[in-house]
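What follows is the content of structure_6.cif (mmCIF, C-alpha atoms).
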```cif
data_run
loop_
_atom_site.group_PDB
_atom_site.id
_atom_site.type_symbol
_atom_site.label_atom_id
_atom_site.label_comp_id
_atom_site.auth_asym_id
_atom_site.auth_seq_id
_atom_site.Cartn_x
_atom_site.Cartn_y
_atom_site.Cartn_z
ATOM 1 C CA MET A 1 0.000 0.000 0.000
ATOM 2 C CA SER A 2 1.231 3.496 -0.805
ATOM 3 C CA GLU A 3 0.246 6.554 1.174
ATOM 4 C CA LEU A 4 0.059 9.489 -1.187
ATOM 5 C CA VAL A 5 -0.756 13.125 -0.677
ATOM 6 C CA THR A 6 -3.080 14.914 -3.004
ATOM 7 C CA GLY A 7 -2.677 18.459 -4.211
ATOM 8 C CA GLU A 8 -4.948 19.525 -1.385
ATOM 9 C CA ALA A 9 -2.244 18.264 1.023
ATOM 10 C CA VAL A 10 -4.477 15.467 2.258
ATOM 11 C CA ALA A 11 -2.570 12.296 3.056
ATOM 12 C CA LEU A 12 -4.596 9.385 1.791
ATOM 13 C CA GLU A 13 -4.008 5.686 2.169
ATOM 14 C CA LEU A 14 -4.287 5.014 -1.544
ATOM 15 C CA ARG A 15 -3.257 1.904 -3.372
ATOM 16 C CA PRO A 16 -1.695 2.040 -6.835
ATOM 17 C CA ALA A 17 -4.289 1.071 -9.419
ATOM 18 C CA LYS A 18 -4.115 -2.475 -10.704
ATOM 19 C CA VAL A 19 -4.029 -3.486 -14.340
ATOM 20 C CA PRO A 20 -7.696 -4.613 -14.622
ATOM 21 C CA SER A 21 -9.143 -1.352 -13.314
ATOM 22 C CA ARG A 22 -6.743 0.701 -15.419
ATOM 23 C CA ALA A 23 -7.548 -1.341 -18.523
ATOM 24 C CA LEU A 24 -11.289 -0.827 -18.029
ATOM 25 C CA ALA A 25 -10.773 2.914 -17.501
ATOM 26 C CA VAL A 26 -8.662 3.158 -20.662
ATOM 27 C CA LEU A 27 -11.231 1.133 -22.587
ATOM 28 C CA LEU A 28 -14.006 3.505 -21.542
ATOM 29 C CA ASP A 29 -11.888 6.514 -22.479
ATOM 30 C CA LEU A 30 -11.143 4.970 -25.877
ATOM 31 C CA VAL A 31 -14.811 4.256 -26.525
ATOM 32 C CA VAL A 32 -15.716 7.865 -25.749
ATOM 33 C CA ALA A 33 -12.819 9.154 -27.864
ATOM 34 C CA MET A 34 -13.750 6.920 -30.799
ATOM 35 C CA VAL A 35 -17.367 8.052 -30.674
ATOM 36 C CA ALA A 36 -16.201 11.663 -30.688
ATOM 37 C CA TYR A 37 -13.746 10.925 -33.499
ATOM 38 C CA ILE A 38 -16.445 9.291 -35.641
ATOM 39 C CA GLY A 39 -18.740 12.247 -35.068
ATOM 40 C CA VAL A 40 -16.024 14.725 -36.009
ATOM 41 C CA THR A 41 -15.140 12.657 -39.091
ATOM 42 C CA ILE A 42 -18.741 12.620 -40.303
ATOM 43 C CA VAL A 43 -18.975 16.374 -39.903
ATOM 44 C CA LEU A 44 -15.694 16.907 -41.741
ATOM 45 C CA VAL A 45 -16.644 14.599 -44.602
ATOM 46 C CA ALA A 46 -19.959 16.382 -45.033
ATOM 47 C CA SER A 47 -18.453 19.856 -44.876
ATOM 48 C CA THR A 48 -15.278 19.255 -46.920
ATOM 49 C CA SER A 49 -16.643 17.181 -49.797
ATOM 50 C CA SER A 50 -15.645 19.901 -52.236
ATOM 51 C CA LEU A 51 -11.963 19.785 -51.229
ATOM 52 C CA ASP A 52 -9.338 17.698 -53.004
ATOM 53 C CA ASP A 53 -8.037 14.397 -51.666
ATOM 54 C CA ALA A 54 -4.855 15.859 -50.163
ATOM 55 C CA ALA A 55 -6.801 18.399 -48.107
ATOM 56 C CA GLN A 56 -9.204 15.728 -46.880
ATOM 57 C CA VAL A 57 -6.332 13.483 -45.819
ATOM 58 C CA ALA A 58 -4.688 16.375 -43.963
ATOM 59 C CA LEU A 59 -7.942 17.157 -42.152
ATOM 60 C CA SER A 60 -8.366 13.480 -41.250
ATOM 61 C CA ILE A 61 -4.889 13.341 -39.714
ATOM 62 C CA ALA A 62 -5.487 16.597 -37.858
ATOM 63 C CA SER A 63 -8.810 15.386 -36.478
ATOM 64 C CA PHE A 64 -7.177 12.109 -35.377
ATOM 65 C CA LEU A 65 -4.447 13.941 -33.490
ATOM 66 C CA LEU A 66 -6.806 16.479 -31.942
ATOM 67 C CA VAL A 67 -9.477 14.025 -30.795
ATOM 68 C CA LEU A 68 -7.570 10.839 -29.934
ATOM 69 C CA VAL A 69 -4.333 12.454 -28.722
ATOM 70 C CA GLY A 70 -5.021 16.053 -27.825
ATOM 71 C CA GLY A 71 -8.421 15.326 -26.265
ATOM 72 C CA PRO A 72 -7.158 12.995 -23.497
ATOM 73 C CA ILE A 73 -4.239 15.347 -22.789
ATOM 74 C CA ALA A 74 -6.586 18.308 -22.376
ATOM 75 C CA VAL A 75 -9.016 16.331 -20.211
ATOM 76 C CA GLU A 76 -6.298 15.052 -17.857
ATOM 77 C CA THR A 77 -4.787 18.525 -17.573
ATOM 78 C CA LEU A 78 -8.065 20.308 -16.820
ATOM 79 C CA SER A 79 -9.360 17.603 -14.475
ATOM 80 C CA HIS A 80 -6.000 17.148 -12.677
ATOM 81 C CA GLY A 81 -5.643 13.508 -13.696
ATOM 82 C CA ARG A 82 -9.245 12.306 -13.773
ATOM 83 C CA SER A 83 -10.516 11.341 -17.195
ATOM 84 C CA LEU A 84 -14.031 9.988 -17.679
ATOM 85 C CA GLY A 85 -12.864 6.388 -17.414
ATOM 86 C CA LYS A 86 -10.722 7.043 -14.343
ATOM 87 C CA LEU A 87 -13.563 8.958 -12.720
ATOM 88 C CA ALA A 88 -15.939 6.056 -13.342
ATOM 89 C CA PHE A 89 -13.569 3.529 -11.757
ATOM 90 C CA GLY A 90 -12.311 5.723 -8.925
ATOM 91 C CA LEU A 91 -8.807 6.286 -10.303
ATOM 92 C CA ARG A 92 -6.633 9.356 -10.599
ATOM 93 C CA VAL A 93 -3.243 10.272 -12.056
ATOM 94 C CA VAL A 94 -0.917 12.002 -9.587
ATOM 95 C CA ARG A 95 2.744 12.981 -9.551
ATOM 96 C CA ASP A 96 5.339 10.823 -7.847
ATOM 97 C CA ASP A 97 5.127 13.101 -4.800
ATOM 98 C CA GLY A 98 1.340 12.827 -4.713
ATOM 99 C CA GLY A 99 0.597 16.284 -6.129
ATOM 100 C CA PRO A 100 -1.740 17.043 -9.038
ATOM 101 C CA ILE A 101 -0.352 16.621 -12.538
ATOM 102 C CA ARG A 102 0.247 19.516 -14.906
ATOM 103 C CA PHE A 103 0.166 19.891 -18.679
ATOM 104 C CA ARG A 104 3.701 18.548 -19.167
ATOM 105 C CA HIS A 105 2.829 15.329 -17.319
ATOM 106 C CA ALA A 106 -0.343 14.821 -19.358
ATOM 107 C CA LEU A 107 1.550 15.621 -22.580
ATOM 108 C CA VAL A 108 4.239 13.001 -21.948
ATOM 109 C CA ARG A 109 1.662 10.386 -20.919
ATOM 110 C CA GLY A 110 -0.469 11.105 -23.976
ATOM 111 C CA ALA A 111 2.414 11.155 -26.446
ATOM 112 C CA ILE A 112 3.843 7.848 -25.228
ATOM 113 C CA GLY A 113 0.333 6.432 -24.881
ATOM 114 C CA VAL A 114 -0.092 6.691 -28.660
ATOM 115 C CA ILE A 115 2.663 4.106 -29.042
ATOM 116 C CA GLU A 116 2.064 1.804 -26.090
ATOM 117 C CA ILE A 117 -1.757 1.880 -26.169
ATOM 118 C CA LEU A 118 -3.082 2.841 -29.614
ATOM 119 C CA MET A 119 -0.397 1.392 -31.905
ATOM 120 C CA THR A 120 0.196 -1.808 -29.917
ATOM 121 C CA PHE A 121 -3.409 -2.251 -28.723
ATOM 122 C CA GLY A 122 -2.295 -1.850 -25.108
ATOM 123 C CA VAL A 123 0.102 -4.801 -25.099
ATOM 124 C CA VAL A 124 3.175 -2.715 -24.231
ATOM 125 C CA ALA A 125 1.253 -0.816 -21.546
ATOM 126 C CA CYS A 126 0.020 -4.044 -19.934
ATOM 127 C CA ILE A 127 3.476 -5.609 -19.905
ATOM 128 C CA ALA A 128 5.051 -2.472 -18.413
ATOM 129 C CA SER A 129 2.333 -2.257 -15.744
ATOM 130 C CA LEU A 130 2.773 -5.900 -14.773
ATOM 131 C CA VAL A 131 6.551 -5.544 -14.509
ATOM 132 C CA SER A 132 6.419 -2.291 -12.523
ATOM 133 C CA ALA A 133 6.104 -2.606 -8.752
ATOM 134 C CA ARG A 134 3.576 0.230 -8.680
ATOM 135 C CA GLY A 135 1.784 -0.681 -11.895
ATOM 136 C CA ARG A 136 3.203 2.165 -13.968
ATOM 137 C CA ARG A 137 3.257 2.060 -17.751
ATOM 138 C CA LEU A 138 6.025 3.683 -19.788
ATOM 139 C CA GLY A 139 4.153 6.974 -20.016
ATOM 140 C CA ASP A 140 3.974 7.141 -16.218
ATOM 141 C CA VAL A 141 7.675 6.341 -15.877
ATOM 142 C CA PHE A 142 8.791 9.084 -18.248
ATOM 143 C CA ALA A 143 6.231 11.616 -16.963
ATOM 144 C CA GLY A 144 6.936 10.919 -13.288
ATOM 145 C CA THR A 145 3.322 10.020 -12.537
ATOM 146 C CA LEU A 146 1.342 7.249 -10.901
ATOM 147 C CA VAL A 147 -2.257 6.064 -11.257
ATOM 148 C CA VAL A 148 -3.845 5.461 -7.868
ATOM 149 C CA ARG A 149 -7.170 4.431 -6.421
ATOM 150 C CA GLU A 150 -8.971 7.525 -5.247
ATOM 151 C CA ARG A 151 -11.890 5.962 -3.401
ATOM 152 C CA ILE A 152 -11.082 4.941 0.161
ATOM 153 C CA PRO A 153 -12.996 4.624 3.446
ATOM 154 C CA THR A 154 -13.748 8.065 4.819
ATOM 155 C CA GLY A 155 -12.485 7.311 8.293
ATOM 156 C CA ARG A 156 -8.898 6.638 7.196
ATOM 157 C CA THR A 157 -7.913 10.036 5.870
ATOM 158 C CA GLY A 158 -5.664 12.497 7.618
ATOM 159 C CA PHE A 159 -4.716 16.104 7.160
ATOM 160 C CA VAL A 160 -1.320 17.716 7.094
ATOM 161 C CA PRO A 161 -1.295 20.250 9.944
ATOM 162 C CA PRO A 162 -0.555 23.871 9.097
ATOM 163 C CA PRO A 163 2.706 25.493 10.208
ATOM 164 C CA PRO A 164 2.783 27.586 13.373
ATOM 165 C CA PRO A 165 1.717 31.203 12.796
ATOM 166 C CA TRP A 166 5.053 32.499 14.093
ATOM 167 C CA LEU A 167 6.792 30.843 11.123
ATOM 168 C CA ALA A 168 4.637 32.472 8.445
ATOM 169 C CA GLY A 169 6.802 33.652 5.551
ATOM 170 C CA ARG A 170 10.082 32.830 7.265
ATOM 171 C CA PHE A 171 11.229 30.393 4.543
ATOM 172 C CA ALA A 172 10.064 32.379 1.530
ATOM 173 C CA GLU A 173 13.628 32.653 0.178
ATOM 174 C CA LEU A 174 14.477 28.935 0.242
ATOM 175 C CA ASP A 175 15.426 27.232 -3.020
ATOM 176 C CA LEU A 176 13.158 24.157 -3.188
ATOM 177 C CA SER A 177 14.004 23.093 -6.741
ATOM 178 C CA ALA A 178 16.604 20.510 -5.710
ATOM 179 C CA VAL A 179 14.393 18.657 -3.199
ATOM 180 C CA PRO A 180 13.375 15.269 -4.680
ATOM 181 C CA ASP A 181 9.724 14.286 -4.922
ATOM 182 C CA GLY A 182 10.281 11.247 -2.738
ATOM 183 C CA LEU A 183 11.414 13.426 0.136
ATOM 184 C CA TRP A 184 8.343 15.652 -0.189
ATOM 185 C CA LEU A 185 6.158 12.566 0.013
ATOM 186 C CA ALA A 186 7.990 11.297 3.111
ATOM 187 C CA VAL A 187 7.700 14.682 4.827
ATOM 188 C CA ARG A 188 3.986 14.955 4.143
ATOM 189 C CA GLN A 189 3.354 11.436 5.367
ATOM 190 C CA TYR A 190 5.270 12.144 8.557
ATOM 191 C CA LEU A 191 3.341 15.363 9.222
ATOM 192 C CA THR A 192 0.098 13.439 8.898
ATOM 193 C CA ARG A 193 1.228 10.598 11.168
ATOM 194 C CA MET A 194 3.318 12.417 13.746
ATOM 195 C CA GLN A 195 0.531 12.640 16.334
ATOM 196 C CA GLN A 196 0.189 8.836 16.237
ATOM 197 C CA LEU A 197 3.888 8.158 16.925
ATOM 198 C CA GLU A 198 5.714 7.878 20.194
ATOM 199 C CA PRO A 199 7.327 11.212 21.142
ATOM 200 C CA GLN A 200 10.894 9.943 20.815
ATOM 201 C CA VAL A 201 10.192 8.171 17.532
ATOM 202 C CA SER A 202 8.424 11.238 16.170
ATOM 203 C CA LEU A 203 11.303 13.508 17.178
ATOM 204 C CA GLY A 204 13.906 11.229 15.609
ATOM 205 C CA MET A 205 12.014 11.011 12.335
ATOM 206 C CA ALA A 206 11.488 14.773 12.272
ATOM 207 C CA GLN A 207 15.197 15.403 12.824
ATOM 208 C CA ARG A 208 16.211 13.040 10.012
ATOM 209 C CA LEU A 209 13.685 14.465 7.577
ATOM 210 C CA ALA A 210 14.594 18.032 8.519
ATOM 211 C CA ALA A 211 18.282 17.265 7.924
ATOM 212 C CA ASP A 212 17.502 15.765 4.501
ATOM 213 C CA LEU A 213 15.286 18.707 3.616
ATOM 214 C CA ALA A 214 17.935 21.181 4.742
ATOM 215 C CA ALA A 215 20.499 19.380 2.581
ATOM 216 C CA GLY A 216 18.165 19.665 -0.409
ATOM 217 C CA THR A 217 17.513 23.361 0.123
ATOM 218 C CA GLY A 218 21.101 24.244 1.007
ATOM 219 C CA ALA A 219 20.026 26.068 4.184
ATOM 220 C CA PRO A 220 20.436 24.683 7.720
ATOM 221 C CA VAL A 221 17.513 24.164 10.068
ATOM 222 C CA PRO A 222 17.222 27.213 12.376
ATOM 223 C CA GLN A 223 18.190 26.416 15.938
ATOM 224 C CA ASP A 224 15.067 28.077 17.342
ATOM 225 C CA VAL A 225 12.653 26.069 15.160
ATOM 226 C CA PRO A 226 11.567 22.524 16.088
ATOM 227 C CA PRO A 227 12.172 20.008 13.291
ATOM 228 C CA ALA A 228 8.470 19.245 12.840
ATOM 229 C CA ALA A 229 7.610 22.935 12.633
ATOM 230 C CA PHE A 230 10.389 23.419 10.082
ATOM 231 C CA LEU A 231 8.966 20.617 7.944
ATOM 232 C CA ALA A 232 5.427 21.999 8.116
ATOM 233 C CA ALA A 233 6.574 25.524 7.265
ATOM 234 C CA VAL A 234 8.619 24.429 4.245
ATOM 235 C CA VAL A 235 5.797 22.237 2.916
ATOM 236 C CA HIS A 236 3.449 25.179 3.358
ATOM 237 C CA GLU A 237 5.861 27.398 1.437
ATOM 238 C CA ARG A 238 5.987 24.927 -1.452
ATOM 239 C CA GLN A 239 2.202 24.682 -1.598
ATOM 240 C CA SER A 240 1.925 28.466 -1.598
ATOM 241 C CA ARG A 241 4.337 28.738 -4.523
ATOM 242 C CA GLU A 242 2.426 26.127 -6.501
ATOM 243 C CA ALA A 243 -0.820 27.997 -5.795
ATOM 244 C CA ARG A 244 0.682 31.256 -7.040
ATOM 245 C CA GLN A 245 1.941 29.550 -10.192
ATOM 246 C CA ALA A 246 -1.415 27.915 -10.885
ATOM 247 C CA PHE A 247 -3.813 30.693 -9.902
ATOM 248 C CA GLY A 248 -1.742 33.862 -9.692
ATOM 249 C CA ALA A 249 -1.186 36.122 -6.707
ATOM 250 C CA SER A 250 -4.753 35.703 -5.476
ATOM 251 C CA GLY A 251 -4.769 31.942 -5.796
ATOM 252 C CA SER A 252 -4.378 31.040 -2.125
ATOM 253 C CA PRO A 253 -7.785 30.240 -0.664
ATOM 254 C CA SER A 254 -8.958 31.606 2.639
ATOM 255 C CA PRO A 255 -8.548 29.412 5.714
ATOM 256 C CA VAL A 256 -11.216 26.763 5.966
ATOM 257 C CA ALA A 257 -11.700 24.348 8.804
ATOM 258 C CA GLN A 258 -11.874 20.811 7.489
ATOM 259 C CA PRO A 259 -14.363 18.526 9.227
ATOM 260 C CA GLY A 260 -13.073 15.298 10.631
ATOM 261 C CA ALA A 261 -9.455 16.425 10.872
ATOM 262 C CA PRO A 262 -7.328 15.197 13.782
ATOM 263 C CA VAL A 263 -7.064 17.530 16.725
ATOM 264 C CA THR A 264 -3.950 17.791 18.838
ATOM 265 C CA PRO A 265 -4.755 16.765 22.424
ATOM 266 C CA ALA A 266 -4.371 19.569 24.897
ATOM 267 C CA SER A 267 -2.604 17.327 27.371
ATOM 268 C CA SER A 268 0.392 16.585 25.116
ATOM 269 C CA PRO A 269 2.698 19.181 23.558
ATOM 270 C CA SER A 270 2.552 19.491 19.781
ATOM 271 C CA PRO A 271 5.721 18.805 17.753
ATOM 272 C CA LEU A 272 4.996 22.088 15.978
ATOM 273 C CA SER A 273 5.175 24.152 19.169
ATOM 274 C CA PRO A 274 8.096 26.579 19.601
ATOM 275 C CA PRO A 275 10.979 25.498 21.850
ATOM 276 C CA ALA A 276 10.501 25.788 25.583
ATOM 277 C CA HIS A 277 13.228 28.433 25.888
ATOM 278 C CA MET A 278 11.415 30.771 23.486
ATOM 279 C CA SER A 279 9.208 33.286 25.248
ATOM 280 C CA PRO A 280 5.693 33.995 23.946
ATOM 281 C CA ALA A 281 6.782 37.527 23.050
ATOM 282 C CA ALA A 282 9.625 36.197 20.884
ATOM 283 C CA ALA A 283 7.283 33.756 19.182
ATOM 284 C CA ARG A 284 4.772 36.493 18.446
ATOM 285 C CA ALA A 285 7.538 38.699 17.060
ATOM 286 C CA GLN A 286 8.270 36.152 14.304
ATOM 287 C CA GLY A 287 4.736 36.019 12.930
ATOM 288 C CA PRO A 288 1.193 37.231 13.371
ATOM 289 C CA ALA A 289 0.092 38.090 16.905
ATOM 290 C CA GLN A 290 -1.099 34.672 17.913
ATOM 291 C CA ALA A 291 -0.459 32.129 20.650
ATOM 292 C CA ALA A 292 2.567 29.943 20.049
ATOM 293 C CA GLN A 293 0.536 26.734 20.075
ATOM 294 C CA PRO A 294 -0.590 26.137 16.449
ATOM 295 C CA GLN A 295 -4.096 25.169 15.546
ATOM 296 C CA VAL A 296 -4.589 22.003 13.511
ATOM 297 C CA LEU A 297 -7.076 22.008 10.674
ATOM 298 C CA GLY A 298 -10.499 21.202 12.004
ATOM 299 C CA GLN A 299 -9.867 22.434 15.566
ATOM 300 C CA GLU A 300 -12.566 24.794 16.810
ATOM 301 C CA GLN A 301 -11.641 28.390 17.444
ATOM 302 C CA PRO A 302 -13.069 30.486 20.272
ATOM 303 C CA ALA A 303 -15.838 32.843 19.263
ATOM 304 C CA GLY A 304 -14.572 36.146 17.924
ATOM 305 C CA ARG A 305 -11.091 34.869 17.036
ATOM 306 C CA PRO A 306 -10.039 34.128 13.442
ATOM 307 C CA ALA A 307 -8.932 30.644 12.481
ATOM 308 C CA THR A 308 -5.194 30.218 12.149
ATOM 309 C CA GLY A 309 -5.231 26.976 10.135
ATOM 310 C CA PHE A 310 -4.043 27.114 6.530
ATOM 311 C CA ALA A 311 -6.183 25.437 3.919
ATOM 312 C CA PRO A 312 -3.656 24.051 1.378
ATOM 313 C CA PRO A 313 -4.354 24.923 -2.262
ATOM 314 C CA ALA A 314 -6.431 22.628 -4.389
#
```

Please re-express this file's structure in structure tokens.
Amino acid sequence: MSELVTGEAVALELRPAKVPSRALAVLLDLVVAMVAYIGVTIVLVASTSSLDDAAQVALSIASFLLVLVGGPIAVETLSHGRSLGKLAFGLRVVRDDGGPIRFRHALVRGAIGVIEILMTFGVVACIASLVSARGRRLGDVFAGTLVVRERIPTGRTGFVPPPPPWLAGRFAELDLSAVPDGLWLAVRQYLTRMQQLEPQVSLGMAQRLAADLAAGTGAPVPQDVPPAAFLAAVVHERQSREARQAFGASGSPSPVAQPGAPVTPASSPSPLSPPAHMSPAAARAQGPAQAAQPQVLGQEQPAGRPATGFAPPA
């Protein structure tokens, strides 16, 4: 089983899709694409009967590329990895780090899919999926994507907690381009699971992940920041950058409390809390005027006080 994190920063216990479900989803997509292609061909034949043979052949090739190749690429890009067939069978295409795919991922998958699905009738895709440990075909390997099962029991989801308010914007200058996708996935999974771990185990994992993340960014972990808080703040920074790239400056949504999210017990200190030696005044000086203890998504706020949780971008 693989735990992946969606673009909404929700850690889900998702299993990579198996060959039968993927084959049925592809078959449904092909049926829809062929119906659309036949309809477009009929319209073209009726409207271009006066053209010469060369022009008709050129239009036929163009319609083939647009409908059977460009159509699936556009659908996967606009739906963030959920074509009609995948939606019907509860599947979704995600990046290796669990985030939503972009146009370049859909383009690579679609271009290679012409060879391994259309030209070979799916034989190459089936063989590659059976050989791969995570059921990836060649298009997924070259695009850095993975097809996963999206439908899971509702009680088994978890949410990545937001960073402490006193760390807001502190890591805006970090270079995150060299951090591998596998490390992002490990960090997000840890942030989701850290409240379920023993304190010493959680601290050790946070220190190791923070050291790896610091090595990838080229900047050391600040001495006054707990490792778990550092991880949450850097993940938040990456999500904010992706939101700005996808939606522009106003792309970050307003904070929304997510129902059913885990709540940090009041009796145990949170790994995201500032160090004990840091005074409340010092913590408030590094961020918005707020208590040092962070609020986890879904935790109720007292009346009259704004929520401090960050709703990760979709």

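Shortest atom-to-atom contact with Ala186 in chain A among A:Ala168, A:Arg208, A:Asp52, A:Ala233: A:Arg208, counting all atoms listed in the file.
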
What residues come out when you apply the PyMOL selection byres ((chain A and resi 202) around 12) to this file, written as a ChimeraX atom specification? /A:187,189-201,203-210,226-228,270-272

With distances taken over only C-alpha atoms, which residue among A:Gly218, A:Gln245, A:Leu107, A:Phe171 lies nearest Ala232 in chain A?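 When distances to Ala232 in chain A are compared using only C-alpha atoms, the smallest one comes from A:Phe171.
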
Expand the PyMOL selection byres ((chain A and resi 119-133) around 10) into the individual residues it matches in the shown file, reporting them as JSON, numbers by chain. {"A": [16, 17, 18, 19, 20, 22, 23, 26, 27, 112, 113, 114, 115, 116, 117, 118, 134, 135, 136, 137, 138, 139, 140, 141]}

Step by step, gather every atom of range 71-75 of chain A that the file lists, find the box along x, y and z that holds them, add 3 Å on each side, and finally give centre and edge lengths in Å to one decimal, as lines of an AutoDock Vina configuration file.
```
center_x = -6.6
center_y = 15.7
center_z = -23.2
size_x = 10.8
size_y = 11.3
size_z = 12.1
```

May I ask which of the residues A:Val45, A:Leu28, A:Ala36, A:Val221 is the closest one to Ala88 in chain A, counting only C-alpha atoms?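 For Ala88 in chain A, the nearest of the candidates is A:Leu28.
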
A:Phe89, A:Trp184, A:Phe103, A:Phe230: which is nearest Ala74 in chain A, counting all atoms listed in the file?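 Closest to Ala74 in chain A, using all atoms listed in the file: A:Phe103.
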
What is the CA of Lys86 in chain A to CA of Ile73 in chain A distance in Å? 13.5 Å

State, in Å with one decimal place, the distance from CA of Asp96 in chain A to CA of Arg188 in chain A. 12.8 Å

Kindly reconstruct range 223-234 of chain A with N, CA, C and O atoms and present the result as an mmCIF file, in the frame of the given file.
```
data_model
loop_
_atom_site.group_PDB
_atom_site.id
_atom_site.type_symbol
_atom_site.label_atom_id
_atom_site.label_comp_id
_atom_site.auth_asym_id
_atom_site.auth_seq_id
_atom_site.Cartn_x
_atom_site.Cartn_y
_atom_site.Cartn_z
ATOM 1 N N GLN A 223 18.078 27.002 14.607
ATOM 2 C CA GLN A 223 18.190 26.416 15.938
ATOM 3 C C GLN A 223 16.940 26.646 16.784
ATOM 4 O O GLN A 223 16.633 25.853 17.666
ATOM 5 N N ASP A 224 16.226 27.748 16.522
ATOM 6 C CA ASP A 224 15.067 28.077 17.342
ATOM 7 C C ASP A 224 13.779 27.507 16.790
ATOM 8 O O ASP A 224 12.691 27.833 17.279
ATOM 9 N N VAL A 225 13.852 26.641 15.781
ATOM 10 C CA VAL A 225 12.653 26.069 15.160
ATOM 11 C C VAL A 225 12.669 24.562 15.362
ATOM 12 O O VAL A 225 13.634 23.898 14.976
ATOM 13 N N PRO A 226 11.629 23.985 15.962
ATOM 14 C CA PRO A 226 11.567 22.524 16.088
ATOM 15 C C PRO A 226 11.558 21.868 14.716
ATOM 16 O O PRO A 226 11.052 22.445 13.743
ATOM 17 N N PRO A 227 12.112 20.670 14.607
ATOM 18 C CA PRO A 227 12.172 20.008 13.291
ATOM 19 C C PRO A 227 10.804 19.840 12.634
ATOM 20 O O PRO A 227 10.651 20.067 11.431
ATOM 21 N N ALA A 228 9.800 19.438 13.423
ATOM 22 C CA ALA A 228 8.470 19.245 12.840
ATOM 23 C C ALA A 228 7.884 20.555 12.335
ATOM 24 O O ALA A 228 7.241 20.600 11.283
ATOM 25 N N ALA A 229 8.102 21.633 13.079
ATOM 26 C CA ALA A 229 7.610 22.935 12.633
ATOM 27 C C ALA A 229 8.334 23.386 11.368
ATOM 28 O O ALA A 229 7.732 23.999 10.473
ATOM 29 N N PHE A 230 9.626 23.092 11.282
ATOM 30 C CA PHE A 230 10.389 23.419 10.082
ATOM 31 C C PHE A 230 9.829 22.681 8.876
ATOM 32 O O PHE A 230 9.650 23.266 7.793
ATOM 33 N N LEU A 231 9.525 21.398 9.039
ATOM 34 C CA LEU A 231 8.966 20.617 7.944
ATOM 35 C C LEU A 231 7.617 21.175 7.503
ATOM 36 O O LEU A 231 7.356 21.329 6.306
ATOM 37 N N ALA A 232 6.750 21.471 8.457
ATOM 38 C CA ALA A 232 5.427 21.999 8.116
ATOM 39 C C ALA A 232 5.526 23.346 7.408
ATOM 40 O O ALA A 232 4.795 23.616 6.456
ATOM 41 N N ALA A 233 6.438 24.197 7.868
ATOM 42 C CA ALA A 233 6.574 25.524 7.265
ATOM 43 C C ALA A 233 7.105 25.435 5.840
ATOM 44 O O ALA A 233 6.653 26.175 4.951
ATOM 45 N N VAL A 234 8.059 24.546 5.586
ATOM 46 C CA VAL A 234 8.619 24.429 4.245
ATOM 47 C C VAL A 234 7.600 23.812 3.287
ATOM 48 O O VAL A 234 7.476 24.239 2.131
#
```
